[in-house]
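Here is the structure we will look at, set down as structure tokens.
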Amino acid sequence: MLQGELFSELAEFDCPRCGSKVGTVSFPTAAEVRDAAGSGNGEAIVHLAQLEEREHWWQRVQESRASGLTAHAALRQGEVRAILTLEKLDEDRWLAL
């Protein structure tokens, strides 16, 4: 089987010969991953660490959006001084103030 479309909740799999959708697989929810990791499931423990990194990344995105620094008007109100750093989180690179 070939992986077809990938969504946040599931992945579709296609026939390698004709390309028709063969089936779908649902990803575990965050609660299911936490429960499995709490029960000692090694694979879930690895995924829990990745989940927590993504949650931390999303929290930073939300904080950045709420800061007002991304609004063009805020940048035009006066001289802006900042120290910029390039940070790597997972496969993403962030230009951070």
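Naming scheme: A, B, ... for chains in displayed order of the structure tokens; residues 1 onward per chain; ligands 1 onward as shown.
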Give me the residues within 10 Å of range 39-56 of chain A as an MDAnalysis selection string, counting only C-alpha atoms and dropping any in the same chain fewer than 4 places off.
chainID A and resid 28 30:35 60:62 89:90
At what distance in Å, to one decimal, does CA of Trp58 in chain A lie from CA of Gln3 in chain A?
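Computing it gives 26.3 Å between the two atoms.
Going from CA of Thr24 in chain A to CA of Ala36 in chain A covers 21.7 Å.
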Could you check the closest approach to Val25 in chain A for each of A:Leu95, A:Ala11, A:Leu6, A:Ala66 and tell me which residue wins, using only C-alpha atoms?
A:Ala11
Please list as a VMD selection string every residue within 10 Å of Lys21 in chain A, counting only C-alpha atoms and excluding residues in the same chain fewer than 5 positions away.
chain A and resid 1 to 5 12 to 16
